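Novice: Below are the structure tokens for one structure; questions will follow.
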Amino acid sequence: MLKNYLLTAWNVFLRRKLFTAINLACIILTLVVLLVVTAMLQEAFYPSGVEHRSNRFLQVHMIEATNEKHTSLSRGPLGYRVIDKYLKPMPGVEMVAAVTGIEPTSVIMNGASTEVNMRHADAEYWRVLDFKVLAGRVPNEDDVAQGRMVAVLARSMAVKLFGDPAPLGRQIGTGGQTFTVIGVVQDALHLNSYADMWVPITTYPNTSYRHQMTGRFFALLLARTPDDLPAIRAEVQRIAARMDFAGDPEFTSAQIWADSKIDMFARSLSSSKDSNPDAGALVLSGIAALMVLFMLLPALNLVNLNVGRIMERSTEIGVRKAFGASNGQLAAQLVLENVVLCLAGGAIALALAAAVLWWLEAAGPIPYLRVGINFAVFGWGLLITIVFGVLSGLVPALKMSRLDPVHALKGAA
Amino acid sequence: MIKLDKISKTYHTDKVQTLALKDIDLHVRKSEFVCIMGPSGCGKSTLLNIIGLLDRPGAGNIHIGGLPVQSYKDKHVARLRNDTFGFIFQSFHLINDLRVIDNVELPLLYRSMPGGERRERARAALEKVGLGARMEHYPNQLSGGQQQRVAIARAMVGQPDVLLADEPTGNLDSKMGAEVMDILLKLNEEGTTVVMVTHDEAEARRAHRIVRVFDGQLVA
């Protein structure tokens, strides 16, 4: 029976090529977009690659300082003093790392200027994150303590500057300083790890950064286990309440937040000052709802197309009824045709999504992107598509299967 | 075999009620060849459809093989159609998306039967109507007469007790019509009950009995 159904479906699809193409296009487009978007979201928020420990670290990216009368407000990255004096001594954390945000700078090499995204980082940064070291080494406590003028390059930048994936010992001049390359790491696009070049925090030309409450730094707080994260969040709130702005007449109090990646994204969307532990979940729910809505549009389109397609086949339905098909068997046949189409669309979408992701990596519209197909998402996407396929086929199938066979045979659907 | 008792059927439209059949009593015996005749619109096809359980009467009782069937639900009616009846239509009603062999196999799909046995029985039915060489063709690659023979093969492949034919020669020339008639008579000789609607007196005379319908009533 299945073979007969599939044969009929195949011939119907071939006979109505435009309908088949439109249906397939809807399914493929939906799944490809879903897969690509999910791959990007996974890259951004899921513990993976360099930031595979992100399920047990929190980020403090922002300080909001004000005075008692609220006549002055400063909102931005942390000063190093906040990390050094308040966060590093925190109980209950395994390690606290300090790193600046991206600091664009120019490197003059062989007479040509190259824009380089640089970060200053302490030694803990290299232990909280897990860079893949391709050549040499990353800075250690001694390099940072001694303020050694050493640099680590991302592989693509090493090749770009020196034409060599391992230019160890070569010199880089920028901002009037010269650094010696001691290591090369694999390119990474994650939030805290994206950069072309890293140098020790202590290589700033002066030490004024050490006394600043607001500045250019982020802190990464590594917990011993993911279960410790709520306690660390609470501790950061307590620390914020007792921060001392001695010597700074402009500010008297400040607020800081320890966020997971998704919470931080949620905070940036809402500009919320409150510490809402459900914000990340709300964002994820919002994204999921948008995806479902995105899939609903082609599903409605499929319903519409299917009504027309099945109506045309009333004579066949009448014949099948005359020869013993029950309403249920007919509905199953018509729904199966939709499911087959969805599966075919899913297979094509998988290949296309892989091609799109490969292009995104290879052609480089987003530097350092490393993305792959998430088969769990593909499975769910395909399942949802099939469910929509079933639903979109079910309404017209039930309607047609209940047709009076005499009317169906006359083609009077 | 088939017993209709006081069968009536009225079609309702928005403003008009049309009486298609009125108080029809008919008894078709096993292995009988019955022709239903009458002018266009007199209710012949409606009567055939009610016998074949494709349509439901407005009033009256139907007994198939001694069992009252008018209260059967869809699933049981489908089973009964599959087991008891084979239909032959004036305009063949073959599924153009399927090959000839797949069309003939169709009634067997709704039975629990291994695929190999289905295929073998469909092949045998096609050979019986002289189309063993056309199994892989599609219906629109065949002539009208060949298509009707495929339709007969489809109707008989399940070895039904009753063949119901609605003007099976109506769309064929006289030579092809005679071929189709010969096949039906042969099947009847082998024991299959045949109920056929026709306009052709010559064909009807070859049947055991002629039933005439006029304005929805039996007249002879």
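Naming works like this for the structure tokens: A, B, ... for the chains as they're shown, residue 1 at the start of each chain, ligands 1 onward in shown order.
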Would you list the contacts of segment 230-233 of chain A as a list of chain:residue names, taking every protein, DNA or RNA residue within 10 Å and counting only C-alpha atoms, but skipping same-chain residues closer than 3 positions in sequence?

Specialist: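 These residues fall inside the cut-off: A:Phe57, A:Leu58, A:Gln59, A:Val60, A:Met90, A:Pro91, A:Gly92, A:Val93, A:Leu221, A:Leu222, A:Ala223, A:Pro226, A:Asp227, A:Val236, A:Gln237, A:Arg238, A:Ile239, A:Ile256, A:Trp257, A:Ala258, A:Asp259, A:Ser260, A:Ser275, A:Pro277.
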
Novice: Since we have the selection now, will you write its residues out, keeping N, CA and C atoms, as a compact mmCIF listing (two decimals), in the first residue's frame?

Specialist:
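Wrote selection_11.txt, looks like this:
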```
# COMPACT_ATOMS: atom_id res chain seq x y z
N PHE A 57 30.92 30.26 33.98
CA PHE A 57 31.46 31.58 34.30
C PHE A 57 30.43 32.68 34.04
N LEU A 58 30.60 33.75 34.79
CA LEU A 58 29.74 34.93 34.64
C LEU A 58 30.61 36.09 34.18
N GLN A 59 29.98 37.02 33.51
CA GLN A 59 30.72 38.17 33.01
C GLN A 59 30.21 39.43 33.69
N VAL A 60 31.16 40.31 34.09
CA VAL A 60 30.76 41.63 34.59
C VAL A 60 31.27 42.61 33.53
N MET A 90 37.07 37.92 45.78
CA MET A 90 35.75 37.34 46.09
C MET A 90 35.87 35.90 46.58
N PRO A 91 35.11 35.54 47.62
CA PRO A 91 35.08 34.13 48.00
C PRO A 91 34.14 33.37 47.05
N GLY A 92 34.35 32.09 46.96
CA GLY A 92 33.40 31.26 46.20
C GLY A 92 33.66 31.19 44.71
N VAL A 93 34.71 31.85 44.23
CA VAL A 93 35.03 31.72 42.80
C VAL A 93 36.36 30.98 42.65
N LEU A 221 34.20 35.75 35.84
CA LEU A 221 34.22 35.09 37.15
C LEU A 221 33.96 33.60 36.94
N LEU A 222 35.01 32.80 37.12
CA LEU A 222 34.86 31.35 36.90
C LEU A 222 34.46 30.66 38.19
N ALA A 223 33.32 29.99 38.16
CA ALA A 223 32.85 29.26 39.34
C ALA A 223 33.44 27.85 39.33
N PRO A 226 28.67 24.96 38.01
CA PRO A 226 27.56 25.81 37.59
C PRO A 226 26.59 26.11 38.74
N ASP A 227 26.55 25.20 39.73
CA ASP A 227 25.63 25.42 40.87
C ASP A 227 26.03 26.63 41.71
N VAL A 236 28.19 39.44 44.06
CA VAL A 236 28.53 40.62 43.25
C VAL A 236 27.60 41.78 43.61
N GLN A 237 26.34 41.48 43.85
CA GLN A 237 25.40 42.54 44.25
C GLN A 237 25.81 43.15 45.60
N ARG A 238 26.24 42.27 46.52
CA ARG A 238 26.67 42.77 47.84
C ARG A 238 27.93 43.63 47.70
N ILE A 239 28.82 43.17 46.83
CA ILE A 239 30.07 43.93 46.61
C ILE A 239 29.74 45.32 46.06
N ILE A 256 26.80 46.91 39.69
CA ILE A 256 27.40 46.03 38.67
C ILE A 256 26.60 44.74 38.64
N TRP A 257 26.68 44.02 37.53
CA TRP A 257 25.89 42.80 37.37
C TRP A 257 26.77 41.68 36.82
N ALA A 258 26.63 40.51 37.42
CA ALA A 258 27.33 39.33 36.90
C ALA A 258 26.31 38.55 36.07
N ASP A 259 26.58 38.48 34.78
CA ASP A 259 25.61 37.89 33.87
C ASP A 259 26.18 36.70 33.10
N SER A 260 25.30 35.76 32.78
CA SER A 260 25.68 34.75 31.78
C SER A 260 25.61 35.44 30.42
N SER A 275 18.51 42.91 38.27
CA SER A 275 19.11 41.61 38.06
C SER A 275 18.00 40.58 38.00
N PRO A 277 16.90 37.00 37.10
CA PRO A 277 17.48 35.70 36.74
C PRO A 277 16.75 35.02 35.59
```

Novice: Quick check: residues of chain B within 10 Å of chain A, only C-alpha atoms, returned as a ChimeraX atom specification.

Specialist: /B:45-46,49-50,52-56,74-89,91-99,102-103,105-115,154-155,158

Novice: Deliver the residues from the most recent selection as a file, using N, CA and C atoms, as a tab-separated table (two decimals), in the first residue's frame.

Specialist:
```
chain	number	residue	atom	x	y	z
B	45	SER	N	-28.61	5.19	-12.71
B	45	SER	CA	-27.29	5.25	-12.04
B	45	SER	C	-27.45	5.39	-10.54
B	46	THR	N	-28.47	6.13	-10.12
B	46	THR	CA	-28.72	6.28	-8.67
B	46	THR	C	-29.01	4.91	-8.07
B	49	ASN	N	-25.81	2.98	-7.86
B	49	ASN	CA	-24.96	3.50	-6.77
B	49	ASN	C	-25.47	3.06	-5.40
B	50	ILE	N	-26.79	2.98	-5.27
B	50	ILE	CA	-27.35	2.54	-3.98
B	50	ILE	C	-27.07	1.05	-3.78
B	52	GLY	N	-24.53	-0.51	-4.93
B	52	GLY	CA	-23.10	-0.65	-4.64
B	52	GLY	C	-22.65	0.09	-3.39
B	53	LEU	N	-23.58	0.62	-2.61
B	53	LEU	CA	-23.30	1.33	-1.36
B	53	LEU	C	-22.44	2.58	-1.57
B	54	LEU	N	-22.46	3.14	-2.79
B	54	LEU	CA	-21.78	4.41	-3.02
B	54	LEU	C	-22.68	5.56	-2.59
B	55	ASP	N	-23.97	5.30	-2.52
B	55	ASP	CA	-24.94	6.32	-2.14
B	55	ASP	C	-25.89	5.68	-1.12
B	56	ARG	N	-26.47	6.52	-0.30
B	56	ARG	CA	-27.39	5.99	0.71
B	56	ARG	C	-28.83	6.35	0.33
B	74	ASP	N	-18.93	4.01	8.03
B	74	ASP	CA	-18.02	4.12	6.89
B	74	ASP	C	-17.05	2.95	6.77
B	75	LYS	N	-16.43	2.57	7.89
B	75	LYS	CA	-15.40	1.53	7.83
B	75	LYS	C	-15.98	0.20	7.34
B	76	HIS	N	-17.19	-0.14	7.84
B	76	HIS	CA	-17.81	-1.40	7.43
B	76	HIS	C	-18.30	-1.35	6.00
B	77	VAL	N	-18.80	-0.18	5.62
B	77	VAL	CA	-19.26	-0.03	4.23
B	77	VAL	C	-18.07	-0.17	3.29
B	78	ALA	N	-16.94	0.44	3.67
B	78	ALA	CA	-15.73	0.33	2.85
B	78	ALA	C	-15.32	-1.13	2.71
B	79	ARG	N	-15.36	-1.86	3.81
B	79	ARG	CA	-14.99	-3.28	3.80
B	79	ARG	C	-15.92	-4.08	2.88
B	80	LEU	N	-17.22	-3.77	2.98
B	80	LEU	CA	-18.21	-4.48	2.18
B	80	LEU	C	-18.04	-4.18	0.69
B	81	ARG	N	-17.77	-2.92	0.35
B	81	ARG	CA	-17.53	-2.55	-1.05
B	81	ARG	C	-16.33	-3.33	-1.58
B	82	ASN	N	-15.30	-3.39	-0.75
B	82	ASN	CA	-14.08	-4.03	-1.18
B	82	ASN	C	-14.27	-5.53	-1.40
B	83	ASP	N	-14.99	-6.16	-0.48
B	83	ASP	CA	-15.17	-7.61	-0.55
B	83	ASP	C	-16.20	-8.04	-1.58
B	84	THR	N	-17.27	-7.26	-1.70
B	84	THR	CA	-18.45	-7.74	-2.43
B	84	THR	C	-18.58	-7.19	-3.84
B	85	PHE	N	-18.15	-5.93	-4.03
B	85	PHE	CA	-18.44	-5.28	-5.31
B	85	PHE	C	-17.19	-4.93	-6.12
B	86	GLY	N	-17.40	-4.96	-7.43
B	86	GLY	CA	-16.40	-4.41	-8.35
B	86	GLY	C	-17.12	-3.43	-9.25
B	87	PHE	N	-16.57	-2.26	-9.40
B	87	PHE	CA	-17.26	-1.21	-10.16
B	87	PHE	C	-16.60	-0.99	-11.52
B	88	ILE	N	-17.46	-0.80	-12.53
B	88	ILE	CA	-16.98	-0.42	-13.86
B	88	ILE	C	-17.77	0.82	-14.26
B	89	PHE	N	-17.04	1.89	-14.61
B	89	PHE	CA	-17.69	3.17	-14.89
B	89	PHE	C	-17.65	3.48	-16.38
B	91	SER	N	-16.88	6.26	-17.81
B	91	SER	CA	-15.66	6.97	-18.22
B	91	SER	C	-14.41	6.39	-17.55
B	92	PHE	N	-14.44	5.12	-17.29
B	92	PHE	CA	-13.31	4.29	-16.84
B	92	PHE	C	-12.81	4.66	-15.44
B	93	HIS	N	-12.56	5.96	-15.21
B	93	HIS	CA	-12.04	6.42	-13.92
B	93	HIS	C	-10.77	5.68	-13.50
B	94	LEU	N	-9.84	5.57	-14.43
B	94	LEU	CA	-8.52	5.03	-14.05
B	94	LEU	C	-7.69	6.19	-13.49
B	95	ILE	N	-6.74	5.87	-12.65
B	95	ILE	CA	-5.88	6.93	-12.07
B	95	ILE	C	-4.68	7.12	-12.99
B	96	ASN	N	-4.66	8.26	-13.65
B	96	ASN	CA	-3.63	8.47	-14.68
B	96	ASN	C	-2.22	8.57	-14.13
B	97	ASP	N	-2.09	8.82	-12.82
B	97	ASP	CA	-0.76	8.91	-12.22
B	97	ASP	C	-0.16	7.54	-11.94
B	98	LEU	N	-0.96	6.49	-12.11
B	98	LEU	CA	-0.47	5.14	-11.81
B	98	LEU	C	-0.42	4.31	-13.08
B	99	ARG	N	0.53	3.37	-13.12
B	99	ARG	CA	0.61	2.45	-14.26
B	99	ARG	C	-0.62	1.54	-14.25
B	102	ASP	N	-0.65	-0.95	-11.49
B	102	ASP	CA	-0.94	-0.36	-10.17
B	102	ASP	C	-2.41	0.00	-10.04
B	103	ASN	N	-3.02	0.41	-11.16
B	103	ASN	CA	-4.46	0.68	-11.15
B	103	ASN	C	-5.24	-0.60	-10.83
B	105	GLU	N	-4.22	-3.21	-9.29
B	105	GLU	CA	-3.91	-3.67	-7.94
B	105	GLU	C	-4.69	-2.93	-6.86
B	106	LEU	N	-5.23	-1.78	-7.23
B	106	LEU	CA	-5.81	-0.85	-6.24
B	106	LEU	C	-6.79	-1.48	-5.24
B	107	PRO	N	-7.79	-2.28	-5.70
B	107	PRO	CA	-8.73	-2.84	-4.70
B	107	PRO	C	-8.04	-3.74	-3.68
B	108	LEU	N	-6.93	-4.37	-4.10
B	108	LEU	CA	-6.24	-5.30	-3.19
B	108	LEU	C	-5.42	-4.56	-2.13
B	109	LEU	N	-5.16	-3.27	-2.38
B	109	LEU	CA	-4.40	-2.48	-1.40
B	109	LEU	C	-5.14	-2.39	-0.08
B	110	TYR	N	-6.46	-2.46	-0.17
B	110	TYR	CA	-7.26	-2.28	1.04
B	110	TYR	C	-7.60	-3.61	1.69
B	111	ARG	N	-6.81	-4.63	1.35
B	111	ARG	CA	-6.93	-5.94	2.01
B	111	ARG	C	-5.56	-6.29	2.61
B	112	SER	N	-5.56	-7.15	3.60
B	112	SER	CA	-4.27	-7.61	4.13
B	112	SER	C	-3.76	-8.69	3.18
B	113	MET	N	-2.89	-8.30	2.29
B	113	MET	CA	-2.39	-9.24	1.29
B	113	MET	C	-0.93	-8.89	0.98
B	114	PRO	N	-0.04	-9.89	0.93
B	114	PRO	CA	1.36	-9.59	0.61
B	114	PRO	C	1.48	-8.95	-0.77
B	115	GLY	N	2.48	-8.09	-0.93
B	115	GLY	CA	2.66	-7.36	-2.18
B	115	GLY	C	2.84	-8.28	-3.37
B	154	ARG	N	-9.57	-4.31	-13.05
B	154	ARG	CA	-9.55	-3.73	-11.70
B	154	ARG	C	-10.79	-4.17	-10.91
B	155	ALA	N	-11.93	-4.19	-11.61
B	155	ALA	CA	-13.18	-4.55	-10.92
B	155	ALA	C	-13.19	-6.02	-10.51
B	158	GLY	N	-10.31	-8.44	-7.32
B	158	GLY	CA	-10.59	-8.86	-5.94
B	158	GLY	C	-11.59	-10.00	-5.86
```

Novice: Can you list, as a list in words, every protein, DNA or RNA residue that comes within 9 Å of Leu394 of chain A when you count only C-alpha atoms, leaving out same-chain residues fewer than 6 positions away?

Specialist: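 Near neighbours after the sequence-gap exclusion: Val303, Ala331, Ala332, Leu334 and Val335 of chain A.
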
Novice: Would you write out those residues with all heavy atoms, as a short mmCIF file (atom, residue, chain, number, x, y, z; two decimals), in the first residue's frame?

Specialist:
```
data_model
loop_
_atom_site.label_atom_id
_atom_site.label_comp_id
_atom_site.auth_asym_id
_atom_site.auth_seq_id
_atom_site.Cartn_x
_atom_site.Cartn_y
_atom_site.Cartn_z
N VAL A 303 -1.14 24.88 3.62
CA VAL A 303 -2.56 24.53 3.78
C VAL A 303 -3.33 25.00 2.55
O VAL A 303 -4.10 24.25 1.94
CB VAL A 303 -3.15 25.19 5.04
CG1 VAL A 303 -4.66 25.01 5.08
CG2 VAL A 303 -2.55 24.60 6.29
N ALA A 331 -7.44 9.71 4.18
CA ALA A 331 -6.80 10.84 4.86
C ALA A 331 -5.32 10.54 5.09
O ALA A 331 -4.46 11.40 4.87
CB ALA A 331 -7.51 11.13 6.18
N ALA A 332 -5.03 9.30 5.48
CA ALA A 332 -3.63 8.92 5.73
C ALA A 332 -2.81 9.05 4.45
O ALA A 332 -1.67 9.52 4.47
CB ALA A 332 -3.57 7.49 6.25
N LEU A 334 -3.33 11.03 1.83
CA LEU A 334 -3.13 12.43 1.44
C LEU A 334 -2.14 13.12 2.38
O LEU A 334 -1.31 13.93 1.95
CB LEU A 334 -4.48 13.15 1.42
CG LEU A 334 -5.46 12.59 0.38
CD1 LEU A 334 -6.84 13.21 0.55
CD2 LEU A 334 -4.96 12.81 -1.03
N VAL A 335 -2.21 12.77 3.66
CA VAL A 335 -1.27 13.37 4.61
C VAL A 335 0.14 12.85 4.35
O VAL A 335 1.13 13.59 4.41
CB VAL A 335 -1.72 13.08 6.06
CG1 VAL A 335 -0.62 13.41 7.05
CG2 VAL A 335 -2.97 13.88 6.39
#
```

Novice: Tell me which protein, DNA and RNA residues are within 8 Å of Arg148 of chain A, counting only C-alpha atoms, leaving out same-chain ones fewer than 2 positions away, and put them as a VMD selection string.

Specialist: chain A and resid 143 to 146 150 200 202 to 203

Novice: Convert the current residue selection to file output with all heavy atoms, as an mmCIF file, in the first residue's frame.

Specialist:
```cif
data_model
loop_
_atom_site.group_PDB
_atom_site.id
_atom_site.type_symbol
_atom_site.label_atom_id
_atom_site.label_comp_id
_atom_site.auth_asym_id
_atom_site.auth_seq_id
_atom_site.Cartn_x
_atom_site.Cartn_y
_atom_site.Cartn_z
ATOM 1 N N ASP A 143 54.920 36.806 33.037
ATOM 2 C CA ASP A 143 54.906 37.803 31.946
ATOM 3 C C ASP A 143 54.088 39.021 32.365
ATOM 4 O O ASP A 143 54.485 40.169 32.118
ATOM 5 C CB ASP A 143 54.274 37.207 30.673
ATOM 6 C CG ASP A 143 55.110 36.097 30.065
ATOM 7 O OD1 ASP A 143 56.345 36.241 30.045
ATOM 8 O OD2 ASP A 143 54.511 35.086 29.627
ATOM 9 N N VAL A 144 52.946 38.747 33.009
ATOM 10 C CA VAL A 144 52.059 39.852 33.385
ATOM 11 C C VAL A 144 52.678 40.656 34.533
ATOM 12 O O VAL A 144 52.722 41.885 34.498
ATOM 13 C CB VAL A 144 50.663 39.318 33.782
ATOM 14 C CG1 VAL A 144 49.775 40.457 34.289
ATOM 15 C CG2 VAL A 144 50.015 38.632 32.589
ATOM 16 N N ALA A 145 53.198 39.940 35.524
ATOM 17 C CA ALA A 145 53.779 40.625 36.680
ATOM 18 C C ALA A 145 54.969 41.502 36.265
ATOM 19 O O ALA A 145 55.147 42.607 36.785
ATOM 20 C CB ALA A 145 54.213 39.590 37.722
ATOM 21 N N GLN A 146 55.768 41.011 35.331
ATOM 22 C CA GLN A 146 56.962 41.750 34.893
ATOM 23 C C GLN A 146 56.637 42.790 33.820
ATOM 24 O O GLN A 146 57.520 43.560 33.412
ATOM 25 C CB GLN A 146 58.007 40.778 34.325
ATOM 26 C CG GLN A 146 58.478 39.691 35.283
ATOM 27 C CD GLN A 146 59.158 40.270 36.507
ATOM 28 O OE1 GLN A 146 59.905 41.253 36.413
ATOM 29 N NE2 GLN A 146 58.869 39.718 37.683
ATOM 30 N N VAL A 150 55.069 41.262 25.386
ATOM 31 C CA VAL A 150 54.847 40.070 24.556
ATOM 32 C C VAL A 150 53.425 40.114 23.984
ATOM 33 O O VAL A 150 52.542 40.776 24.554
ATOM 34 C CB VAL A 150 55.049 38.766 25.364
ATOM 35 C CG1 VAL A 150 56.500 38.601 25.760
ATOM 36 C CG2 VAL A 150 54.136 38.752 26.588
ATOM 37 N N PRO A 200 49.779 41.678 27.545
ATOM 38 C CA PRO A 200 49.511 41.698 28.993
ATOM 39 C C PRO A 200 48.952 43.046 29.444
ATOM 40 O O PRO A 200 49.264 44.090 28.874
ATOM 41 C CB PRO A 200 50.890 41.440 29.617
ATOM 42 C CG PRO A 200 51.660 40.747 28.544
ATOM 43 C CD PRO A 200 51.182 41.328 27.249
ATOM 44 N N THR A 202 49.634 44.666 31.912
ATOM 45 C CA THR A 202 50.648 45.537 32.544
ATOM 46 C C THR A 202 51.525 46.250 31.521
ATOM 47 O O THR A 202 52.514 46.885 31.885
ATOM 48 C CB THR A 202 51.542 44.686 33.466
ATOM 49 O OG1 THR A 202 51.915 43.499 32.740
ATOM 50 C CG2 THR A 202 50.821 44.308 34.734
ATOM 51 N N THR A 203 51.180 46.146 30.259
ATOM 52 C CA THR A 203 52.008 46.818 29.246
ATOM 53 C C THR A 203 51.459 48.195 28.881
ATOM 54 O O THR A 203 51.959 48.828 27.952
ATOM 55 C CB THR A 203 52.116 45.968 27.955
ATOM 56 O OG1 THR A 203 50.794 45.760 27.460
ATOM 57 C CG2 THR A 203 52.810 44.646 28.211
#
```

Novice: One number please: atom CA of Leu300 of chain A to atom CA of Ser392 of chain A, in Å, one decimal.

Specialist: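 Interatomic distance here is 7.1 Å.
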
Novice: For Gly215 of chain A, please output as a PyMOL selection string all residues within 7 Å (counting only C-alpha atoms; exclusion window: fewer than 6 positions along the same chain).

Specialist: chain A and resi 77-80

Novice: Need the shell around Phe179 of chain A: protein/DNA/RNA residues with any atom at most 10 Å away, counting only C-alpha atoms. Skip same-chain ones fewer than 3 positions apart. Format as a ChimeraX atom specification?

Specialist: /A:148-152,169-174,182,199,203

Novice: Would you mind exporting the chosen residues as a PDB file, in the first residue's frame, restricted to C-alpha atoms?

Specialist:
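Output saved as selection-v4.pdb:
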```
ATOM      1  CA  ARG A 148      56.797  41.908  29.470  1.00  0.00           C
ATOM      2  CA  MET A 149      56.131  43.306  26.003  1.00  0.00           C
ATOM      3  CA  VAL A 150      54.847  40.070  24.556  1.00  0.00           C
ATOM      4  CA  ALA A 151      51.908  39.436  22.240  1.00  0.00           C
ATOM      5  CA  VAL A 152      49.709  36.569  21.138  1.00  0.00           C
ATOM      6  CA  GLY A 169      59.940  36.002  18.036  1.00  0.00           C
ATOM      7  CA  ARG A 170      58.899  38.559  15.415  1.00  0.00           C
ATOM      8  CA  GLN A 171      58.260  42.152  16.463  1.00  0.00           C
ATOM      9  CA  ILE A 172      55.017  44.131  16.225  1.00  0.00           C
ATOM     10  CA  GLY A 173      54.960  47.866  16.634  1.00  0.00           C
ATOM     11  CA  THR A 174      51.816  49.683  17.658  1.00  0.00           C
ATOM     12  CA  ILE A 182      55.263  34.544  21.750  1.00  0.00           C
ATOM     13  CA  VAL A 199      49.065  41.748  25.183  1.00  0.00           C
ATOM     14  CA  THR A 203      52.008  46.818  29.246  1.00  0.00           C
TER      15      THR A 203
END
```

Novice: Mind giving me the straight-line distance from atom CA of Phe214 of chain B to atom CA of Pro39 of chain B in Å, one decimal?

Specialist: 7.0 Å

Novice: Name the residues of segment 107-184 of chain A that come out as helix (DSSP H, G or I) in a backbone DSSP run; write them as JSON, numbers by chain.

Specialist: {"A": [125, 126, 127, 128, 141, 142, 143, 144, 145, 146, 155, 156, 157, 158, 159, 160, 161, 162]}

Novice: What does the distance from atom CA of Ala219 of chain A to atom CA of Ala98 of chain A come to in Å, to one decimal?

Specialist: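 Computed distance, atom CA of Ala219 of chain A to atom CA of Ala98 of chain A, equals 4.7 Å.
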
Novice: Residues at most 10 Å from Glu124 of chain A, counting only C-alpha atoms, excluding those fewer than 5 positions away in the same chain, as an mmCIF file with C-alpha atoms, in the first residue's frame?

Specialist:
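File out-v6.cif, as written:
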```
data_model
loop_
_atom_site.group_PDB
_atom_site.id
_atom_site.type_symbol
_atom_site.label_atom_id
_atom_site.label_comp_id
_atom_site.auth_asym_id
_atom_site.auth_seq_id
_atom_site.Cartn_x
_atom_site.Cartn_y
_atom_site.Cartn_z
ATOM 1 C CA MET A 95 39.321 32.443 39.357
ATOM 2 C CA VAL A 96 38.655 36.013 38.225
ATOM 3 C CA ALA A 97 40.081 37.243 34.922
ATOM 4 C CA ALA A 98 40.396 40.804 33.652
ATOM 5 C CA VAL A 99 40.405 41.717 29.991
ATOM 6 C CA LEU A 129 39.112 30.635 28.363
ATOM 7 C CA PRO A 139 51.337 34.825 28.629
ATOM 8 C CA ASN A 140 51.742 33.498 32.196
ATOM 9 C CA GLU A 141 51.681 35.201 35.623
ATOM 10 C CA VAL A 144 52.059 39.852 33.385
ATOM 11 C CA LEU A 220 35.171 36.906 33.939
ATOM 12 C CA LEU A 222 34.863 31.351 36.896
#
```

Novice: Taking into account only C-alpha atoms, which residue in the set A:Val339, A:Leu382, A:Met291, A:Ala397 is nearest to Leu34 of chain A?

Specialist: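 Closest to Leu34 of chain A, using only C-alpha atoms: A:Met291.
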
Novice: What residues in segment 62-203 of chain B get the DSSP label strand (DSSP E or B)? Please answer as number ranges by chain.

Specialist: B: 62-64, 67-68, 85-88, 162-166, 193-197

Novice: Between A:Leu284, A:Val390, A:Leu296, A:Met311, which has the minimum distance to Gln42 of chain A (counting only C-alpha atoms)?

Specialist: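 When distances to Gln42 of chain A are compared using only C-alpha atoms, the smallest one comes from A:Leu284.
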
Novice: Tell me which of B:Val34, B:Leu187, B:Leu126, B:Val195 sits closest to Ile210 of chain B, counting only C-alpha atoms.

Specialist: B:Val34
